[in-house]
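Since the structure comes first, as structure tokens, the remarks are kept for the end.
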Amino acid sequence: MSETFHHITVLLKETVDALNVKEDGSYVDCTLGGGGHTSYLLSKLSTKGRLYAFDQDIQAINHAKDRFADAIDAGQLTLIHANFAQIEEELAQRGVKQVDGILYDLGVSSPQLDDRERGFSYKQDAPLDMRMDQSQSLTAKEVVNEWSYADLVRILKRYGEEKFAKAIARNIENHRQKATITRTAELVEIIKEAIPAPARRKGGHPAKRSFQAIRIAVNDELGAIESSLSQALQLIKVEGRIAAISFQSLEDRIVKVMFKEASTVDNLPSQLPLLESQLPQAKFRLVNKKPIYPSQEELDKNSRAQSAKLRAIERVSE
């Protein structure tokens, strides 16, 4: 396996097992990444089963072409180089209108974080990039240097939940007037300067929230999640399931709210004379009322599993 794609998959068995895999079913891994979930899912399928794996990162696709060459040649695995927001359109192009299960492992992947030149990490100096799809034009450099003060404040607050958003945006503005900000290390120092010293000493790395916010903005991650999940809910067959791992509160909130809405029927006026059997039923049910978390054993082996939450939903009727 390529060193670039060394990756410990979080909640590997729990996520795939939550799909209740049928060996001859059709499945979608919306976040191929290093291929951990894809590999385990393929092991559950017979030669009649089909798996479609999405990734907008060409490095992930190229790595998977080598790793899963046999499954691809056998027609069991189809790799799709696209954002999972295009799930319905891409599957339709391949004649697929409904599937038995869809899996999401949201956020930035370990290989993307570990490849210094991608510019995702605040721990390593690199060009300000942060693109998951390296063919897109918008980069972190453009966001940092060209977006308005108001837009910077908005994304730092909304996507980073950063309480010093205004001070950080103002300091970015001051620095970029003197010279273009091109490196992650420069940006880290600019962020640190804007945060009061007592606040810098607690709550993790001072640039963590800002880097998350800029990355989400560059890749429109939250918009893509919402769009893809809404299509996924339409694509799932009866008894089919969707499983989604999130790593931060903004992702989890979207999954939680959309799953709750899909599994809840609007309240009817209490005075209506209906028997319980006549009441409308929700088309979906939550597989687990509460999210599933990594075990202590997994946390001991993989620190990146720390904030992971798994939620799953099942379609119960048309």
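Within each chain, counting starts at residue 1; across the structure tokens, chains are named A, B, ... in the order shown, with ligands numbered 1 upward in that order.
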
Using DSSP on the backbone, list every residue of stretch 90-282 of chain A that comes out as helix (DSSP H, G or I), and give them as a PDB file with C-alpha atoms, in the first residue's frame.
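To be explicit, this is the file written out as part.pdb:
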ATOM      1  CA  GLU A  90     -23.515   9.323 -11.012  1.00  0.00           C
ATOM      2  CA  LEU A  91     -25.427   6.163 -10.058  1.00  0.00           C
ATOM      3  CA  ALA A  92     -28.147   6.912 -12.632  1.00  0.00           C
ATOM      4  CA  GLN A  93     -25.456   7.118 -15.341  1.00  0.00           C
ATOM      5  CA  SER A 110      -5.966  10.623   7.376  1.00  0.00           C
ATOM      6  CA  PRO A 111      -4.038  10.394   4.074  1.00  0.00           C
ATOM      7  CA  GLN A 112      -5.067  13.964   3.209  1.00  0.00           C
ATOM      8  CA  LEU A 113      -3.948  15.204   6.643  1.00  0.00           C
ATOM      9  CA  ASP A 114      -0.697  13.272   6.481  1.00  0.00           C
ATOM     10  CA  ARG A 116       1.986  17.707   3.972  1.00  0.00           C
ATOM     11  CA  GLU A 117       1.774  19.293   0.523  1.00  0.00           C
ATOM     12  CA  ARG A 118      -2.047  19.202   0.595  1.00  0.00           C
ATOM     13  CA  ALA A 140      -7.423  28.081   0.958  1.00  0.00           C
ATOM     14  CA  LYS A 141      -5.007  30.698  -0.391  1.00  0.00           C
ATOM     15  CA  GLU A 142      -7.866  32.394  -2.232  1.00  0.00           C
ATOM     16  CA  VAL A 143     -10.194  32.246   0.789  1.00  0.00           C
ATOM     17  CA  VAL A 144      -7.544  33.711   3.112  1.00  0.00           C
ATOM     18  CA  ASN A 145      -6.347  36.445   0.759  1.00  0.00           C
ATOM     19  CA  GLU A 146      -9.429  37.437  -1.240  1.00  0.00           C
ATOM     20  CA  TYR A 149     -13.515  40.438   6.374  1.00  0.00           C
ATOM     21  CA  ALA A 150     -17.256  39.766   6.811  1.00  0.00           C
ATOM     22  CA  ASP A 151     -17.035  36.427   4.954  1.00  0.00           C
ATOM     23  CA  LEU A 152     -14.007  35.368   6.990  1.00  0.00           C
ATOM     24  CA  VAL A 153     -15.829  36.174  10.239  1.00  0.00           C
ATOM     25  CA  ARG A 154     -18.878  34.250   8.990  1.00  0.00           C
ATOM     26  CA  ILE A 155     -17.001  31.042   8.137  1.00  0.00           C
ATOM     27  CA  LEU A 156     -14.794  31.153  11.261  1.00  0.00           C
ATOM     28  CA  LYS A 157     -17.895  31.463  13.452  1.00  0.00           C
ATOM     29  CA  ARG A 158     -20.165  29.089  11.557  1.00  0.00           C
ATOM     30  CA  TYR A 159     -17.740  26.361  10.503  1.00  0.00           C
ATOM     31  CA  GLY A 160     -15.100  26.689  13.224  1.00  0.00           C
ATOM     32  CA  ALA A 165     -13.396  35.054  14.750  1.00  0.00           C
ATOM     33  CA  LYS A 166     -13.423  38.858  14.441  1.00  0.00           C
ATOM     34  CA  ALA A 167      -9.913  39.302  15.845  1.00  0.00           C
ATOM     35  CA  ILE A 168      -8.533  36.523  13.612  1.00  0.00           C
ATOM     36  CA  ALA A 169     -10.258  37.901  10.486  1.00  0.00           C
ATOM     37  CA  ARG A 170      -8.952  41.412  11.269  1.00  0.00           C
ATOM     38  CA  ASN A 171      -5.395  40.115  11.724  1.00  0.00           C
ATOM     39  CA  ILE A 172      -5.602  38.166   8.442  1.00  0.00           C
ATOM     40  CA  GLU A 173      -6.784  41.371   6.757  1.00  0.00           C
ATOM     41  CA  ASN A 174      -3.873  43.380   8.236  1.00  0.00           C
ATOM     42  CA  HIS A 175      -1.250  40.848   7.148  1.00  0.00           C
ATOM     43  CA  ARG A 176      -2.560  40.291   3.613  1.00  0.00           C
ATOM     44  CA  GLN A 177      -2.454  44.026   2.929  1.00  0.00           C
ATOM     45  CA  LYS A 178       1.328  43.871   3.373  1.00  0.00           C
ATOM     46  CA  THR A 184       0.063  27.260   6.411  1.00  0.00           C
ATOM     47  CA  ALA A 185       2.801  28.170   8.924  1.00  0.00           C
ATOM     48  CA  GLU A 186       2.245  31.894   8.224  1.00  0.00           C
ATOM     49  CA  LEU A 187      -1.476  31.492   8.777  1.00  0.00           C
ATOM     50  CA  VAL A 188      -0.914  29.601  12.051  1.00  0.00           C
ATOM     51  CA  GLU A 189       1.190  32.494  13.393  1.00  0.00           C
ATOM     52  CA  ILE A 190      -1.389  35.088  12.276  1.00  0.00           C
ATOM     53  CA  ILE A 191      -4.146  33.145  14.075  1.00  0.00           C
ATOM     54  CA  LYS A 192      -2.022  32.760  17.226  1.00  0.00           C
ATOM     55  CA  GLU A 193      -1.293  36.511  17.294  1.00  0.00           C
ATOM     56  CA  ALA A 194      -5.030  37.280  17.293  1.00  0.00           C
ATOM     57  CA  ALA A 197      -2.407  34.316  25.494  1.00  0.00           C
ATOM     58  CA  PRO A 198      -4.573  32.707  28.248  1.00  0.00           C
ATOM     59  CA  ALA A 199      -6.952  31.288  25.580  1.00  0.00           C
ATOM     60  CA  ARG A 200      -4.014  29.928  23.549  1.00  0.00           C
ATOM     61  CA  LYS A 208      -7.456  24.025  14.882  1.00  0.00           C
ATOM     62  CA  ARG A 209     -10.892  25.669  14.623  1.00  0.00           C
ATOM     63  CA  SER A 210      -9.827  28.197  11.977  1.00  0.00           C
ATOM     64  CA  PHE A 211      -8.211  25.527   9.781  1.00  0.00           C
ATOM     65  CA  GLN A 212     -11.376  23.421  10.060  1.00  0.00           C
ATOM     66  CA  ALA A 213     -13.501  26.418   9.057  1.00  0.00           C
ATOM     67  CA  ILE A 214     -11.383  27.309   6.023  1.00  0.00           C
ATOM     68  CA  ARG A 215     -11.236  23.652   4.893  1.00  0.00           C
ATOM     69  CA  ILE A 216     -15.024  23.314   5.135  1.00  0.00           C
ATOM     70  CA  ALA A 217     -15.473  26.540   3.136  1.00  0.00           C
ATOM     71  CA  VAL A 218     -12.981  25.510   0.428  1.00  0.00           C
ATOM     72  CA  ASN A 219     -14.735  22.164  -0.092  1.00  0.00           C
ATOM     73  CA  GLU A 221     -18.387  20.174   2.960  1.00  0.00           C
ATOM     74  CA  LEU A 222     -21.583  20.866   4.889  1.00  0.00           C
ATOM     75  CA  GLY A 223     -23.579  21.735   1.763  1.00  0.00           C
ATOM     76  CA  ALA A 224     -22.339  18.521   0.130  1.00  0.00           C
ATOM     77  CA  ILE A 225     -23.330  16.408   3.165  1.00  0.00           C
ATOM     78  CA  GLU A 226     -26.847  17.840   3.260  1.00  0.00           C
ATOM     79  CA  SER A 227     -27.353  17.430  -0.494  1.00  0.00           C
ATOM     80  CA  SER A 228     -25.947  13.890  -0.562  1.00  0.00           C
ATOM     81  CA  LEU A 229     -27.918  12.653   2.460  1.00  0.00           C
ATOM     82  CA  SER A 230     -31.154  14.001   1.028  1.00  0.00           C
ATOM     83  CA  GLN A 231     -30.491  12.043  -2.213  1.00  0.00           C
ATOM     84  CA  ALA A 232     -29.395   8.963  -0.239  1.00  0.00           C
ATOM     85  CA  LEU A 233     -32.712   8.858   1.607  1.00  0.00           C
ATOM     86  CA  GLN A 234     -34.451   8.635  -1.790  1.00  0.00           C
ATOM     87  CA  LEU A 235     -32.078   5.986  -3.176  1.00  0.00           C
ATOM     88  CA  SER A 249     -20.506  18.744  15.850  1.00  0.00           C
ATOM     89  CA  LEU A 250     -21.482  20.523  12.609  1.00  0.00           C
ATOM     90  CA  GLU A 251     -21.397  17.295  10.575  1.00  0.00           C
ATOM     91  CA  ASP A 252     -23.142  15.327  13.310  1.00  0.00           C
ATOM     92  CA  ARG A 253     -25.887  17.935  13.646  1.00  0.00           C
ATOM     93  CA  ILE A 254     -26.785  17.625   9.947  1.00  0.00           C
ATOM     94  CA  VAL A 255     -26.874  13.799  10.130  1.00  0.00           C
ATOM     95  CA  LYS A 256     -28.843  13.793  13.397  1.00  0.00           C
ATOM     96  CA  VAL A 257     -31.446  16.323  12.222  1.00  0.00           C
ATOM     97  CA  MET A 258     -31.955  14.757   8.778  1.00  0.00           C
ATOM     98  CA  PHE A 259     -32.265  11.234  10.223  1.00  0.00           C
ATOM     99  CA  LYS A 260     -34.685  12.478  12.892  1.00  0.00           C
ATOM    100  CA  GLU A 261     -36.866  14.271  10.332  1.00  0.00           C
ATOM    101  CA  ALA A 262     -36.950  11.180   8.083  1.00  0.00           C
ATOM    102  CA  GLU A 276     -53.585   3.570  15.912  1.00  0.00           C
ATOM    103  CA  SER A 277     -53.506   1.318  12.823  1.00  0.00           C
ATOM    104  CA  GLN A 278     -54.783   4.247  10.725  1.00  0.00           C
TER     105      GLN A 278
END

**Request:** From stretch 29-239 of chain A, collect each residue whose DSSP state is strand (DSSP E) and return the set as a PyMOL selection string.
**Result:** chain A and resi 29+50-54+77-80+99-105+236-239

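In this model, the gap between atom CA of A:Pro206 and atom CA of A:Ala179 comes to 22.6 Å.
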
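For the residues A:Val316, A:Ile58, A:Ala74, A:Ala305, ranking by smallest atom-to-atom distance to A:Ala282 using only C-alpha atoms places A:Val316 first.
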
**Item:** Which of A:Asp17, A:Asp105, A:Asp70, A:Glu89 sits closest to A:Cys30 [using only C-alpha atoms]
**Value:**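 With only C-alpha atoms as the atom set, the closest residue is A:Asp105.
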
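Going from atom CA of A:Ser307 to atom CA of A:Gln59 covers 25.5 Å.
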